[in-house]
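What follows is a short report on a single structure.
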Amino acid sequence: MNIVSELPPSELPLVMALSFQRRVIQATAGDSRLEMCIQCGTCGGSCPSGPDMEHTPRQLFAMIRAGMEKEVLASNTPFYCVSCYFCMARCPQEVHITDIMYTLKRMSIDGGYVTTKAASDLSQSFIGDVEKYGRSFEFGLATRQFLRHHPRDILKVAPMGLGMLSRGRMDLTPHRIVGIDELQSILNRAKVLDKELLAEVMP
Amino acid sequence: MNKYLLYPGCSLQRNARSYRDSLVAIQPELAMELEEVDDWNCCGATEYGSVYAVARHALVARNLAHAKAQSNGIPPTVVAPCSACYLNLSKTDHVLRTDKRMASLVNDALQAGGLNYQPGSVGSRHLLDVIYNDVGLEVIRSHVTNPLKGLRVAPYYGCMIVRPDVDDHFSSTEYPLELDELLAALGATVIDFPLKTHCCGGHMTQISPEVAYEMIRRLIAAGDHYRADVMVTLCPMCQLNLDAYQGDMNSHFKTDYHVPVLYFTQLMGLAFGHDPLELGLGKEFVSARDALARIGVELPEEEPVAPKPAVRRKDDPSLPMPTPLDGGAKREEKGS
C-alpha cells in the first residue's frame with residue numbers, strides 16, 4: 001500500500017516545508033538552535049513590542065516549522081523586534097531568537113515580502129548614509145523617514161527637531177571619514193558575498 | 001594608568017555630546033588614558049544586520065582591524081560608551097570567533113580594503129564595565145567632594161549593555177547592580193528600579209511612533225512612580241528616547257510627566273565637583289534644573305525652547321508656514 005498517496009493533498013511538497021526551517025538556520029551565523037524551540041512562549045511573554053506584532057515569536061517559529069514561508073516573511077514580527085534581547089536571554093532552550101529575527105528581515109527584504117515598509121526603508125536609508133559617509137547622519141535620516149512615512153506628523157515633530165538644533169544636539173551636514181574609499185571597497189566586496197549567501201537560501 | 005582605545009560612536013559626536021564632554025571632564029580622576037580609534041566608522045546600529053549578514057560584520061571588523069593596528073602589539077581593549085556600539089563590537093568578534101565560515105567571508109571583504117582581522121585579538125567593553133571593574137568604587141569614592149546627598153536616582157541600564165552579554169561582563173542580564181553601586185558610591189539615594197533593563201523603544205520612534213511612546217511611557221511612569229529626581233542612563237539611544245521624546249509621549253497620552261534623564265558620567269562629574277556646563281548639563285529637553293537644585297547645583301537659565309506651531313484656523317486659506325525660532329515675538333512687538 002502506498003502510504004503517501006493516502007495523505008491529504010498538500011499545497012507545498014513536504015521537502016519544501018521542511019527546508020524552510022533548514023534554510024533559516026543556515027542563513028543565521030553561528031548555531032541558532034531554532035530547531036530546539038519547545039513552543040513554551042517565554043519569548044512572546046518577554047517581548048516589549050509583542051502586543052503590536054502580528055505573530056508572537058513562538059507562533060512565528062511554529063509557522064517556520066510548518067513551512068509557511070510567505071506568511072512568515074510577510075509578517076511584521078521581525079520588523080517590530082526592537083533588539084532588546086529579552087527573549088534570547090530568557091529562552092530555556094537558548095534559541096538565538098533575536099539573531100533569527102535579523103535573518104528573517106534579510107530574507108523578507110530579499111524576497112520582496114516586506115509589509116512594514118517604514119522599517120526596511122529606515123534600514124536602507126541608514127545604510128545609504130553609512131556607505132556614503134562612513135558615519136550615520138541623524139538629521140538626514142529622520143527628515144527622510146518622516147517625509148516618507150509620517151508626513152502628517154511633520155508639524156508635530158518639528159519642535160523636537162528645532163529643539164535638537166537649538167541645543168546643539170544635531171548637525172545639518174554629515175561627517176565623512178578619511179578612509180571612505182577603503183570602507184566602500186570592503187562593503188562592496190561584502191555585499192557580493194552577502195548576495196551569494198542569500199542565493200543559497202532563497203528559492 | 002590604564003590605556004584604552006575609545007570608540008565614541010556617531011551619537012557622541014553630536015546628539016550625545018554631553019556624554020562625551022562629561023567623560024572627558026572626569027578622565028583625570030578616573031586615571032584612564034583614552035586614545036580614539038583611528039578613523040572609526042559607524043557600527044551599523046540595529047540597521048545594517050537587517051539587510052546584510054557579511055557586510056554588517058565587515059563594517060565592525062574594519063574598526064577592530066584599525067584598533068589592532070594602532071596598538072603596537074599590546075592586546076588592545078576598545079571602550080564604547082554607547083550600548084549599541086558595544087554590542088556590535090563584541091558581537092562581531094564573538095561571531096567571528098565561533099563561526100569560521102563567517103570569519104573567512106569577513107576577512108575576504110576586509111582584504112578588498114587591504115585589511116585583515118584575527119578574531120579575538122581585540123577586546124570590546126562598555127564604559128560602565130571599565131569604570132566599575134578597572135577603576136573601581138574605592139577610587140571613585142575617594143574623588144567625591146560633593147556627595148549627591150538626597151538626590152533620588154533611578155538607575156536605568158536599558159538592553160544592549162547587559163543582553164546578550166556574549167562575553168559575560170555583567171553580573172546579570174536582567175537585574176544588574178553595577179550602576180546602582182556606582183551611584184550609591186557618589187552618595188545618591190538609589191532606587192531599586194524594577195524596570196532597569198526594560199527597553200526604551202530603540203528605533204521604533206522612526207517606524208511606529210505609537211509603539212515607541214508606549215515603551216517610553218512605561219519607563220517614565222515608573223520613574224515618576226518611584227519619585228525619581230533623575231533617571232540615570234549609559235546609552236545615547238535610551239537618553240534620546242526618554243528625554244527628547246518625553247514631550248511627544250506626554251502629548252500622545254495627555255500626561256504631564258517630568259523626569260529628567262542624565263548620563264551617569266554627568267552625575268560622577270557633579271559629585272567630583274566639576275562645573276555643570278563642563279559636563280554638558282543644560283542640553284536635555286526635560287530640564288534637570290529643579291532636580292539638581294536639590295543638591296545645590298545651579299544650572300543657568302534655560303535656553304529658549306522652540307515653541308509649538310500655532311493652531312491653524314480651519315478656514316485659513318494660506319499655506320502652512322514654519323513658526324519663526326523666536327516664536328514670532330518680534331512681529332508681535334511691532335504690531336502692538
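Naming scheme: A, B, ... for chains in displayed order of the C-alpha cells; residues 1 onward per chain; ligands 1 onward as shown.
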Within 6 Å of chain A, which residues of chain B are there when counting only C-alpha atoms? Please give them as a ChimeraX atom specification. /B:14-15,41-42,47,50-51,54-55,99,109-110,112-113,159,163,202,207,283,306,308
Would you mind exporting N, CA and C atoms of the selected residues as an mmCIF file, in the first residue's frame?
data_model
loop_
_atom_site.group_PDB
_atom_site.id
_atom_site.type_symbol
_atom_site.label_atom_id
_atom_site.label_comp_id
_atom_site.auth_asym_id
_atom_site.auth_seq_id
_atom_site.Cartn_x
_atom_site.Cartn_y
_atom_site.Cartn_z
ATOM 1 N N ARG B 14 27.581 64.287 18.383
ATOM 2 C CA ARG B 14 26.685 65.430 18.427
ATOM 3 C C ARG B 14 25.536 65.249 19.421
ATOM 4 N N ASN B 15 24.605 64.338 19.116
ATOM 5 C CA ASN B 15 23.391 64.223 19.921
ATOM 6 C C ASN B 15 23.705 63.901 21.394
ATOM 7 N N ASN B 41 34.530 54.015 11.848
ATOM 8 C CA ASN B 41 33.273 54.210 11.122
ATOM 9 C C ASN B 41 32.106 53.704 11.969
ATOM 10 N N CYS B 42 30.894 54.013 11.523
ATOM 11 C CA CYS B 42 29.666 53.622 12.234
ATOM 12 C C CYS B 42 29.627 52.112 12.491
ATOM 13 N N GLU B 47 20.525 48.589 12.244
ATOM 14 C CA GLU B 47 20.014 48.632 10.865
ATOM 15 C C GLU B 47 20.783 47.748 9.884
ATOM 16 N N SER B 50 19.880 44.072 9.463
ATOM 17 C CA SER B 50 18.571 43.762 8.891
ATOM 18 C C SER B 50 18.660 43.516 7.399
ATOM 19 N N VAL B 51 19.749 43.957 6.775
ATOM 20 C CA VAL B 51 19.870 43.823 5.325
ATOM 21 C C VAL B 51 21.049 42.929 4.928
ATOM 22 N N VAL B 54 27.081 39.558 6.004
ATOM 23 C CA VAL B 54 28.544 39.684 5.926
ATOM 24 C C VAL B 54 28.949 41.149 6.119
ATOM 25 N N ALA B 55 28.259 42.050 5.414
ATOM 26 C CA ALA B 55 28.637 43.466 5.457
ATOM 27 C C ALA B 55 28.494 44.056 6.857
ATOM 28 N N ASP B 99 32.124 31.277 14.356
ATOM 29 C CA ASP B 99 31.662 30.838 13.039
ATOM 30 C C ASP B 99 32.804 31.033 12.036
ATOM 31 N N ALA B 109 36.266 40.147 2.599
ATOM 32 C CA ALA B 109 35.805 41.519 2.342
ATOM 33 C C ALA B 109 36.836 42.541 2.817
ATOM 34 N N LEU B 110 37.400 42.321 4.011
ATOM 35 C CA LEU B 110 38.394 43.267 4.553
ATOM 36 C C LEU B 110 39.589 43.404 3.626
ATOM 37 N N ALA B 112 39.660 43.479 0.531
ATOM 38 C CA ALA B 112 39.393 44.444 -0.540
ATOM 39 C C ALA B 112 39.834 45.845 -0.129
ATOM 40 N N GLY B 113 39.932 46.085 1.180
ATOM 41 C CA GLY B 113 40.408 47.369 1.675
ATOM 42 C C GLY B 113 41.826 47.265 2.218
ATOM 43 N N CYS B 159 18.871 47.845 27.398
ATOM 44 C CA CYS B 159 19.015 46.445 26.978
ATOM 45 C C CYS B 159 20.427 46.017 26.637
ATOM 46 N N ARG B 163 22.462 42.560 27.673
ATOM 47 C CA ARG B 163 21.955 41.450 26.861
ATOM 48 C C ARG B 163 22.441 41.577 25.431
ATOM 49 N N GLY B 202 14.047 51.788 21.329
ATOM 50 C CA GLY B 202 15.049 51.717 20.254
ATOM 51 C C GLY B 202 14.676 52.569 19.061
ATOM 52 N N ILE B 207 9.691 54.071 13.226
ATOM 53 C CA ILE B 207 8.936 53.072 12.470
ATOM 54 C C ILE B 207 7.458 53.131 12.827
ATOM 55 N N LYS B 283 21.629 70.590 28.248
ATOM 56 C CA LYS B 283 21.287 70.258 26.865
ATOM 57 C C LYS B 283 20.120 69.295 26.778
ATOM 58 N N ALA B 306 12.070 75.913 21.322
ATOM 59 C CA ALA B 306 11.244 76.255 20.159
ATOM 60 C C ALA B 306 9.775 76.087 20.509
ATOM 61 N N LYS B 308 5.641 75.551 20.206
ATOM 62 C CA LYS B 308 4.813 74.648 19.403
ATOM 63 C C LYS B 308 4.200 75.445 18.258
#
Determine which residues of range 162-273 of chain B receive a DSSP assignment of strand (DSSP E), computed from the backbone, and state them as an MDAnalysis selection string. chainID B and resid 189:190 230:233 261:263
Pull N, CA and C atoms from the residues just selected and write them as a short mmCIF file (atom, residue, chain, number, x, y, z; two decimals), in the first residue's frame.
data_model
loop_
_atom_site.label_atom_id
_atom_site.label_comp_id
_atom_site.auth_asym_id
_atom_site.auth_seq_id
_atom_site.Cartn_x
_atom_site.Cartn_y
_atom_site.Cartn_z
N THR B 189 20.75 58.67 46.63
CA THR B 189 19.77 57.70 47.12
C THR B 189 19.32 56.88 45.91
N VAL B 190 19.72 55.61 45.88
CA VAL B 190 19.48 54.79 44.69
C VAL B 190 18.18 54.02 44.84
N VAL B 230 15.91 62.00 39.10
CA VAL B 230 16.63 61.85 37.84
C VAL B 230 16.66 60.38 37.45
N MET B 231 16.48 60.09 36.16
CA MET B 231 16.78 58.75 35.67
C MET B 231 18.18 58.79 35.09
N VAL B 232 18.98 57.78 35.42
CA VAL B 232 20.38 57.81 35.01
C VAL B 232 20.62 56.75 33.96
N THR B 233 21.20 57.17 32.83
CA THR B 233 21.38 56.25 31.71
C THR B 233 22.85 56.17 31.30
N VAL B 261 16.52 63.00 32.42
CA VAL B 261 17.32 61.81 32.12
C VAL B 261 18.76 62.25 31.86
N LEU B 262 19.69 61.85 32.73
CA LEU B 262 21.09 62.27 32.60
C LEU B 262 22.01 61.07 32.44
N TYR B 263 23.22 61.33 31.95
CA TYR B 263 24.23 60.28 31.83
C TYR B 263 24.94 60.08 33.17
#
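The residue that comes closest to Lys91 in chain B, out of B:Arg17, B:His274, B:Arg152, B:Arg56 and on the basis of only C-alpha atoms, is B:Arg56.
Rounded to one decimal, CA of Glu35 in chain B and CA of His169 in chain B lie 22.0 Å from each other.
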I'd like the interatomic distance between CA of Leu195 in chain B and CA of Gly223 in chain B, to a tenth of an Å. 8.8 Å
So which one's closest to Gln93 in chain A, A:Ala62, A:Cys37, A:Met53, A:Ala74? Using only C-alpha atoms, please. A:Cys37
Based on the backbone DSSP call, show me all residues of range 178-238 of chain B assigned helix (DSSP H, G or I), as a count of residues only. 32
For Glu214 in chain B, list every protein, DNA or RNA residue within 9 Å, evaluated using only C-alpha atoms, and leave out those in the same chain fewer than 5 positions away; present the list as a ChimeraX atom specification. /B:201,209,219,249,253
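Considering only C-alpha atoms, the residue among B:Tyr48, B:Tyr117, B:Tyr86, B:Tyr132 positioned nearest to Val162 in chain B is B:Tyr86.
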9 Å contact set for Ala222 in chain B, only C-alpha atoms, chain neighbours under 6 positions out, as an MDAnalysis selection string: chainID B and resid 193:195 228
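Comparing the minimum interatomic distances between Gly158 in chain B and each of B:Glu284, B:Asp38, B:Asp248, B:Glu174, counting only C-alpha atoms, we find that B:Glu174 sits nearest.
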Considering only C-alpha atoms, return as a list in words whatever protein or nucleic-acid residues lie within 7 Å of range 25-30 of chain B, sequence-local ones (same chain, fewer than 2 positions apart) excluded. Asp21, Ser22, Leu23, Met32, Val135, His143, Gly269, Glu278 and Leu279 of chain B
Given the selection you just returned, output its residues as a file containing C-alpha atoms, formatted as a short mmCIF file (atom, residue, chain, number, x, y, z; two decimals), in the first residue's frame.
data_model
loop_
_atom_site.label_atom_id
_atom_site.label_comp_id
_atom_site.auth_asym_id
_atom_site.auth_seq_id
_atom_site.Cartn_x
_atom_site.Cartn_y
_atom_site.Cartn_z
CA ASP B 21 32.11 66.06 27.42
CA SER B 22 31.38 64.66 30.87
CA LEU B 23 33.62 61.65 30.21
CA MET B 32 42.16 56.43 32.24
CA VAL B 135 38.79 51.96 38.11
CA HIS B 143 37.27 61.62 44.50
CA GLY B 269 31.28 64.87 37.36
CA GLU B 278 31.69 71.49 31.56
CA LEU B 279 29.59 68.32 31.93
#
